[in-house]
$ cat run-v1.cif   # mmCIF, C-alpha atoms
data_entry
#
loop_
_atom_site.label_atom_id
_atom_site.label_comp_id
_atom_site.auth_asym_id
_atom_site.auth_seq_id
_atom_site.Cartn_x
_atom_site.Cartn_y
_atom_site.Cartn_z
CA MET A 51 122.76 87.30 144.71
CA TYR A 52 126.48 88.01 144.94
CA LYS A 53 127.90 90.23 147.69
CA ARG A 54 131.63 89.93 146.87
CA VAL A 55 132.83 89.19 143.36
CA LEU A 56 136.06 88.93 141.40
CA LEU A 57 135.64 90.55 137.99
CA LYS A 58 138.01 89.30 135.29
CA LEU A 59 138.48 91.61 132.31
CA SER A 60 140.59 90.80 129.28
CA GLY A 61 143.22 93.23 128.13
CA GLU A 62 141.59 93.21 124.70
CA SER A 63 138.37 94.53 126.26
CA LEU A 64 140.25 97.55 127.59
CA GLY A 65 141.63 98.08 124.10
CA GLY A 66 138.18 98.76 122.65
CA PRO A 67 137.22 97.71 119.11
CA SER A 68 140.82 97.21 118.03
CA GLY A 69 141.75 95.23 121.13
CA LYS A 70 145.02 97.15 121.24
CA GLY A 71 146.32 99.82 123.59
CA LEU A 72 143.93 101.65 125.93
CA ASP A 73 140.52 102.86 124.78
CA GLU A 74 139.53 105.68 127.16
CA SER A 75 135.82 105.54 126.33
CA ARG A 76 135.66 101.78 126.97
CA ILE A 77 137.59 102.09 130.24
CA ALA A 78 135.23 104.88 131.31
CA ALA A 79 132.21 102.68 130.57
CA TYR A 80 133.65 99.86 132.67
CA ALA A 81 134.42 102.28 135.50
CA ASP A 82 130.81 103.49 135.42
CA GLN A 83 129.52 99.92 135.81
CA ILE A 84 131.97 99.06 138.56
CA VAL A 85 131.27 102.23 140.55
CA LYS A 86 127.52 101.64 140.28
CA ALA A 87 127.99 98.11 141.63
CA VAL A 88 130.06 99.34 144.58
CA LEU A 89 127.66 102.15 145.45
CA SER A 90 124.78 99.67 145.46
CA GLY A 91 126.52 97.64 148.17
CA HIS A 92 128.59 95.05 146.31
CA GLU A 93 132.29 94.38 146.86
CA VAL A 94 134.32 94.22 143.65
CA ALA A 95 137.88 93.01 143.11
CA ILE A 96 139.31 93.09 139.59
CA VAL A 97 141.92 91.13 137.67
CA ASN A 98 142.85 92.48 134.24
CA GLY A 99 144.55 90.64 131.42
CA GLY A 100 147.35 92.25 129.42
CA GLY A 101 146.77 91.05 125.86
CA ASN A 102 146.09 94.57 124.56
CA ILE A 103 149.73 95.40 125.27
CA PHE A 104 151.70 92.15 125.30
CA ARG A 105 150.87 88.46 125.66
CA GLY A 106 153.81 86.26 126.65
CA LEU A 107 152.65 83.12 124.85
CA GLN A 108 152.22 84.94 121.55
CA GLY A 109 155.75 86.29 121.85
CA MET A 110 157.20 82.81 121.45
CA GLY A 111 158.53 82.27 117.96
CA LYS A 112 159.04 86.01 117.55
CA GLY A 113 162.28 86.17 119.46
CA PHE A 114 160.84 86.35 122.99
CA ASP A 115 161.69 83.82 125.68
CA ARG A 116 158.55 82.39 127.32
CA VAL A 117 159.59 83.22 130.88
CA ASP A 118 160.63 86.80 130.12
CA GLY A 119 157.63 87.16 127.81
CA ASP A 120 155.28 86.19 130.61
CA LYS A 121 156.97 88.72 132.89
CA MET A 122 156.34 91.39 130.24
CA GLY A 123 152.71 90.30 130.13
CA MET A 124 152.50 90.67 133.91
CA LEU A 125 153.74 94.25 133.61
CA ALA A 126 151.07 94.90 130.98
CA THR A 127 148.37 93.93 133.50
CA VAL A 128 149.79 96.51 135.92
CA ILE A 129 149.46 99.26 133.31
CA ASN A 130 145.86 98.22 132.61
CA SER A 131 144.99 98.13 136.31
CA MET A 132 146.51 101.56 136.92
CA ALA A 133 144.48 102.98 134.02
CA LEU A 134 141.16 101.52 135.21
CA ALA A 135 141.88 102.57 138.80
CA GLN A 136 142.27 106.21 137.73
CA PHE A 137 138.85 106.20 136.06
CA ILE A 138 137.25 104.62 139.13
CA ARG A 139 138.82 107.20 141.45
CA ALA A 140 137.63 109.99 139.17
CA ARG A 141 134.09 108.83 139.96
CA GLY A 142 134.58 109.19 143.71
CA VAL A 143 135.32 105.59 144.66
CA ARG A 144 138.58 104.44 146.21
CA ALA A 145 140.65 102.13 144.00
CA GLU A 146 143.87 100.42 145.08
CA VAL A 147 146.21 98.59 142.71
CA PHE A 148 147.98 95.57 144.16
CA THR A 149 150.73 93.59 142.44
CA ALA A 150 151.79 89.97 142.84
CA THR A 151 155.46 91.01 143.04
CA PRO A 152 156.76 94.08 144.91
CA MET A 153 156.52 97.26 142.79
CA GLU A 154 156.32 100.05 145.35
CA PRO A 155 155.81 102.96 144.88
CA ILE A 156 153.97 102.11 141.63
CA ALA A 157 151.44 99.89 143.44
CA ARG A 158 150.98 98.05 146.73
CA TYR A 159 152.37 94.57 147.18
CA TYR A 160 149.43 92.14 147.30
CA VAL A 161 148.53 90.90 150.75
CA ARG A 162 145.17 89.17 151.02
CA ASP A 163 144.06 90.88 154.22
CA ALA A 164 144.95 94.33 152.86
CA ALA A 165 142.89 93.71 149.71
CA VAL A 166 139.95 92.43 151.76
CA LYS A 167 140.10 95.56 153.93
CA VAL A 168 139.84 97.76 150.83
CA LEU A 169 136.72 95.83 149.75
CA GLU A 170 135.13 95.99 153.20
CA GLU A 171 135.71 99.76 153.31
CA GLY A 172 133.86 100.29 150.04
CA GLY A 173 136.83 100.44 147.71
CA VAL A 174 137.86 98.47 144.64
CA ALA A 175 140.93 96.20 144.77
CA LEU A 176 142.64 95.76 141.39
CA ILE A 177 145.07 92.86 141.61
CA ALA A 178 147.69 92.88 138.88
CA GLY A 179 150.73 90.84 137.91
CA GLY A 180 148.95 87.50 137.53
CA THR A 181 150.18 84.97 140.07
CA GLY A 182 153.67 86.44 139.92
CA ASN A 183 154.92 83.35 138.10
CA PRO A 184 155.42 82.50 134.42
CA PHE A 185 153.34 79.76 132.72
CA PHE A 186 150.16 80.82 134.55
CA THR A 187 147.44 82.77 132.75
CA THR A 188 145.56 85.72 134.18
CA ASP A 189 142.49 83.43 134.21
CA SER A 190 144.34 81.20 136.68
CA GLY A 191 145.39 84.29 138.62
CA ALA A 192 141.77 85.46 138.75
CA ALA A 193 140.60 82.07 140.05
CA LEU A 194 143.31 82.06 142.70
CA ARG A 195 142.41 85.56 143.91
CA ALA A 196 138.69 84.72 143.91
CA LEU A 197 139.36 81.86 146.31
CA GLU A 198 141.72 83.88 148.49
CA LEU A 199 139.30 86.79 148.82
CA GLY A 200 136.29 84.58 149.54
CA ALA A 201 134.43 85.78 146.45
CA ASP A 202 130.89 84.52 145.92
CA ALA A 203 131.58 84.24 142.18
CA LEU A 204 134.17 84.85 139.50
CA LEU A 205 132.64 87.02 136.78
CA LYS A 206 134.34 86.85 133.41
CA GLY A 207 133.45 89.84 131.27
CA THR A 208 133.81 89.04 127.56
CA ARG A 209 132.59 90.19 124.15
CA VAL A 210 129.91 87.47 123.98
CA ASP A 211 126.87 86.94 126.18
CA GLY A 212 127.83 83.54 127.55
CA VAL A 213 129.29 80.14 126.72
CA TYR A 214 128.37 78.53 123.40
CA THR A 215 128.85 75.11 121.84
CA ALA A 216 131.21 76.84 119.38
CA ASP A 217 132.52 80.33 118.74
CA PRO A 218 129.33 82.33 117.92
CA GLU A 219 131.40 84.90 116.04
CA LYS A 220 132.48 82.16 113.61
CA ASP A 221 129.65 79.61 113.75
CA PRO A 222 126.08 80.98 113.42
CA ALA A 223 124.71 77.58 114.45
CA ALA A 224 126.39 77.76 117.87
CA VAL A 225 124.01 77.24 120.79
CA LYS A 226 124.28 79.09 124.09
CA TYR A 227 124.42 77.26 127.41
CA GLU A 228 122.36 78.76 130.22
CA GLU A 229 124.43 76.77 132.70
CA LEU A 230 126.87 73.87 132.71
CA THR A 231 129.17 71.99 135.05
CA PHE A 232 132.93 72.29 135.30
CA ASP A 233 133.23 68.67 134.19
CA LYS A 234 131.20 69.26 131.02
CA ALA A 235 133.08 72.43 130.17
CA LEU A 236 136.37 70.51 130.39
CA ALA A 237 135.08 67.41 128.58
CA ASP A 238 133.67 69.49 125.70
CA HIS A 239 136.84 71.61 125.49
CA LEU A 240 134.85 74.80 125.90
CA LYS A 241 137.33 77.65 126.01
CA VAL A 242 135.80 79.56 128.89
CA MET A 243 138.89 79.56 131.05
CA ASP A 244 141.94 77.35 131.21
CA ALA A 245 141.94 74.01 133.05
CA THR A 246 143.86 75.38 136.04
CA ALA A 247 141.26 78.09 136.61
CA PHE A 248 138.47 75.52 136.33
CA ALA A 249 140.18 73.21 138.82
CA LEU A 250 140.66 75.99 141.37
CA CYS A 251 137.07 77.22 141.13
CA GLU A 252 135.68 73.69 141.30
CA GLN A 253 137.83 72.92 144.32
CA GLY A 254 136.77 76.12 146.07
CA ASP A 255 133.13 75.83 144.94
CA VAL A 256 133.24 79.27 143.30
CA PRO A 257 130.92 79.53 140.29
CA ILE A 258 132.12 81.24 137.12
CA VAL A 259 129.68 83.50 135.27
CA VAL A 260 130.58 84.38 131.68
CA PHE A 261 128.74 87.46 130.36
CA ASP A 262 128.95 90.33 127.90
CA ILE A 263 130.60 93.16 129.81
CA ASP A 264 129.87 95.57 126.95
CA SER A 265 126.10 95.11 127.26
CA GLU A 266 124.70 98.12 129.09
CA GLY A 267 123.63 97.28 132.65
CA ALA A 268 124.76 93.65 132.39
CA LEU A 269 127.02 93.73 135.45
CA GLN A 270 124.40 95.30 137.70
CA SER A 271 121.67 92.91 136.49
CA LEU A 272 123.94 89.95 137.16
CA LEU A 273 124.74 91.17 140.68
CA GLU A 274 121.03 91.63 141.37
CA GLY A 275 120.46 87.94 140.62
CA LYS A 276 118.95 88.25 137.17
CA LYS A 277 119.73 85.66 134.47
CA VAL A 278 122.73 87.03 132.63
CA GLY A 279 125.29 85.05 130.67
CA THR A 280 126.23 81.45 131.45
CA ILE A 281 126.98 80.07 134.90
CA VAL A 282 129.52 77.26 135.32
CA HIS A 283 129.29 75.35 138.59
CA LYS A 284 129.86 71.97 140.22
#

$ encode --input "run-v1.cif" --output "structure tokens"
Amino acid sequence: MYKRVLLKLSGESLGGPSGKGLDESRIAAYADQIVKAVLSGHEVAIVNGGGNIFRGLQGMGKGFDRVDGDKMGMLATVINSMALAQFIRARGVRAEVFTATPMEPIARYYVRDAAVKVLEEGGVALIAGGTGNPFFTTDSGAALRALELGADALLKGTRVDGVYTADPEKDPAAVKYEELTFDKALADHLKVMDATAFALCEQGDVPIVVFDIDSEGALQSLLEGKKVGTIVHK
């Protein structure tokens, strides 16, 4: 169903059960899924969050300036991307880390055509550093990169198996949506992604699929066109 995708992973996912730091077993499991997808013919770009290390917005009120805090958060996404890239390479698949601001020799400066070339040659492009600007979330960065790379879909891997009317971890009466429109998601204040990410994906006609990345085989099933998670579209 989807040939080229942008996979968005939260930093907390990489942190495992605690949501903090780097959980090697969880990163290995993600690398296994990603490598399987690539070897079966799909093109995968990845944007990681940085909340397992530092989140700029949460630093406000604790002595951190928002702009500098966001820059620290951008650096956290680079660390996460470097970690995941190592596990992907260890499984025999090329993985290149790109950054929104120049950081050579730590990673390559992001240029759209260079990232596309990596995908077309069977590698994984991990794009870190958000948009390179403060006040933008990694969700917005993921939406922007999905449009730039011509992705068929933006896949948001989370801890829940889709979008619900309320937080299913707090409200047992929450009902899952099989699909919904961007307009409804915004009108109902469903916290799938921020409004900027929604606007970009709606404008570029790129669907967002929210699914449980920790469910075994979920990524591959989704890529094969099976019903997994919740799809948000025009």

$ closest_residue --input "run-v1.cif" --among "A:Leu204, A:Val278, A:Leu230, A:Ala135" --to "A:Cys251" --atoms "all atoms listed in the file"
A:Leu204

$ residues_around --input "run-v1.cif" --residues "A:Glu170" --least-positions-apart "4" --cutoff "12 Å" --atoms "all atoms listed in the file" --output "list in words"
Lys53, Arg54, Val88, Gly91, His92, Glu93, Val94, Ala95, Arg144, Asp163, Ala164, Ala165, Val166, Val174, Ala175 and Leu199 of chain A

$ residues_near_point --input "run-v1.cif" --point "(141.8, 102.2, 126.4)" --cutoff "10 Å" --atoms "all atoms listed in the file" --output "ChimeraX atom specification"
/A:61-78,102,130,133-134

$ atom_distance --input "run-v1.cif" --atom1 "atom CA of A:Val225" --atom2 "atom CA of A:Gly254"
28.3 Å

$ residues_near_point --input "run-v1.cif" --point "(137.8, 74.2, 137.5)" --cutoff "10 Å" --atoms "all atoms listed in the file" --output "list of chain:residue names"
A:Ser190, A:Ala193, A:Thr231, A:Phe232, A:Asp233, A:Ala235, A:Leu236, A:Met243, A:Asp244, A:Ala245, A:Thr246, A:Ala247, A:Phe248, A:Ala249, A:Leu250, A:Cys251, A:Glu252, A:Gln253, A:Gly254, A:Asp255, A:Val256, A:Pro257, A:Ile258, A:Val282, A:His283, A:Lys284

$ resolve_selection --input "run-v1.cif" --expression "the PyMOL selection byres ((chain A and resi 146-160) around 12)" --output "number ranges by chain"
A: 94-98, 121, 124-139, 143-145, 161-169, 171-184, 188, 191-192, 194-195, 198-199

$ atom_distance --input "run-v1.cif" --atom1 "atom CA of A:Thr208" --atom2 "atom CA of A:Val242"
9.8 Å

$ atom_distance --input "run-v1.cif" --atom1 "atom CA of A:Val260" --atom2 "atom CA of A:Glu219"
15.7 Å

$ resolve_selection --input "run-v1.cif" --expression "the PyMOL selection byres ((chain A and resi 268-271) around 12)" --output "number ranges by chain"
A: 51-53, 55-58, 79-92, 94, 205-212, 259-267, 272-279

$ closest_residue --input "run-v1.cif" --among "A:Lys226, A:Asp221, A:Gly99, A:Arg116" --to "A:Thr187" --atoms "all atoms listed in the file"
A:Gly99

$ decode --input "run-v1.cif" --residues "stretch 127-139 of chain A" --atoms "all heavy atoms" --output "compact mmCIF listing (two decimals), in the first residue's frame"
# COMPACT_ATOMS: atom_id res chain seq x y z
N THR A 127 17.44 14.75 19.66
CA THR A 127 16.97 13.94 18.52
C THR A 127 18.14 13.40 17.70
O THR A 127 18.03 12.34 17.09
CB THR A 127 16.02 14.74 17.60
OG1 THR A 127 16.75 15.73 16.88
CG2 THR A 127 14.91 15.40 18.39
N VAL A 128 19.25 14.13 17.69
CA VAL A 128 20.44 13.65 16.97
C VAL A 128 21.02 12.43 17.69
O VAL A 128 21.36 11.44 17.04
CB VAL A 128 21.50 14.77 16.87
CG1 VAL A 128 22.76 14.24 16.17
CG2 VAL A 128 20.95 15.98 16.12
N ILE A 129 21.10 12.49 19.00
CA ILE A 129 21.59 11.34 19.77
C ILE A 129 20.71 10.12 19.51
O ILE A 129 21.20 9.01 19.26
CB ILE A 129 21.60 11.68 21.28
CG1 ILE A 129 22.65 12.76 21.56
CG2 ILE A 129 21.87 10.43 22.12
CD1 ILE A 129 22.62 13.29 22.98
N ASN A 130 19.40 10.30 19.55
CA ASN A 130 18.48 9.18 19.32
C ASN A 130 18.65 8.60 17.92
O ASN A 130 18.62 7.38 17.72
CB ASN A 130 17.04 9.64 19.52
CG ASN A 130 16.68 9.82 20.98
OD1 ASN A 130 17.32 9.25 21.87
ND2 ASN A 130 15.66 10.61 21.27
N SER A 131 18.80 9.48 16.94
CA SER A 131 18.94 9.02 15.55
C SER A 131 20.25 8.27 15.35
O SER A 131 20.30 7.25 14.64
CB SER A 131 18.85 10.21 14.59
OG SER A 131 17.58 10.81 14.66
N MET A 132 21.32 8.75 15.97
CA MET A 132 22.61 8.06 15.88
C MET A 132 22.52 6.67 16.50
O MET A 132 23.07 5.70 15.97
CB MET A 132 23.69 8.89 16.56
CG MET A 132 24.03 10.19 15.86
SD MET A 132 25.20 11.21 16.79
CE MET A 132 26.68 10.20 16.69
N ALA A 133 21.81 6.56 17.63
CA ALA A 133 21.66 5.27 18.30
C ALA A 133 20.90 4.28 17.42
O ALA A 133 21.33 3.13 17.22
CB ALA A 133 20.95 5.46 19.63
N LEU A 134 19.75 4.70 16.89
CA LEU A 134 18.94 3.81 16.06
C LEU A 134 19.68 3.44 14.78
O LEU A 134 19.61 2.29 14.32
CB LEU A 134 17.60 4.49 15.74
CG LEU A 134 16.61 3.69 14.89
CD1 LEU A 134 16.31 2.33 15.52
CD2 LEU A 134 15.30 4.48 14.71
N ALA A 135 20.42 4.38 14.21
CA ALA A 135 21.17 4.11 12.98
C ALA A 135 22.19 3.00 13.20
O ALA A 135 22.38 2.14 12.33
CB ALA A 135 21.86 5.38 12.51
N GLN A 136 22.85 2.99 14.36
CA GLN A 136 23.85 1.96 14.64
C GLN A 136 23.22 0.57 14.65
O GLN A 136 23.80 -0.40 14.14
CB GLN A 136 24.53 2.24 15.98
CG GLN A 136 25.43 3.46 15.97
CD GLN A 136 26.09 3.68 17.31
OE1 GLN A 136 26.86 2.84 17.78
NE2 GLN A 136 25.79 4.80 17.95
N PHE A 137 22.03 0.46 15.24
CA PHE A 137 21.35 -0.84 15.31
C PHE A 137 20.87 -1.28 13.93
O PHE A 137 20.85 -2.48 13.64
CB PHE A 137 20.18 -0.77 16.30
CG PHE A 137 20.60 -0.92 17.74
CD1 PHE A 137 21.23 0.12 18.40
CD2 PHE A 137 20.38 -2.11 18.42
CE1 PHE A 137 21.63 -0.02 19.73
CE2 PHE A 137 20.77 -2.26 19.74
CZ PHE A 137 21.41 -1.22 20.40
N ILE A 138 20.49 -0.34 13.09
CA ILE A 138 20.08 -0.68 11.72
C ILE A 138 21.28 -1.17 10.91
O ILE A 138 21.21 -2.18 10.21
CB ILE A 138 19.41 0.54 11.04
CG1 ILE A 138 18.08 0.86 11.74
CG2 ILE A 138 19.18 0.26 9.55
CD1 ILE A 138 17.45 2.17 11.30
N ARG A 139 22.39 -0.46 11.04
CA ARG A 139 23.61 -0.86 10.31
C ARG A 139 24.09 -2.24 10.75
O ARG A 139 24.59 -3.02 9.94
CB ARG A 139 24.73 0.16 10.56
CG ARG A 139 24.48 1.52 9.95
CD ARG A 139 25.69 2.43 10.12
NE ARG A 139 25.33 3.82 9.88
CZ ARG A 139 25.41 4.78 10.79
NH1 ARG A 139 25.83 4.51 12.02
NH2 ARG A 139 25.08 6.02 10.48
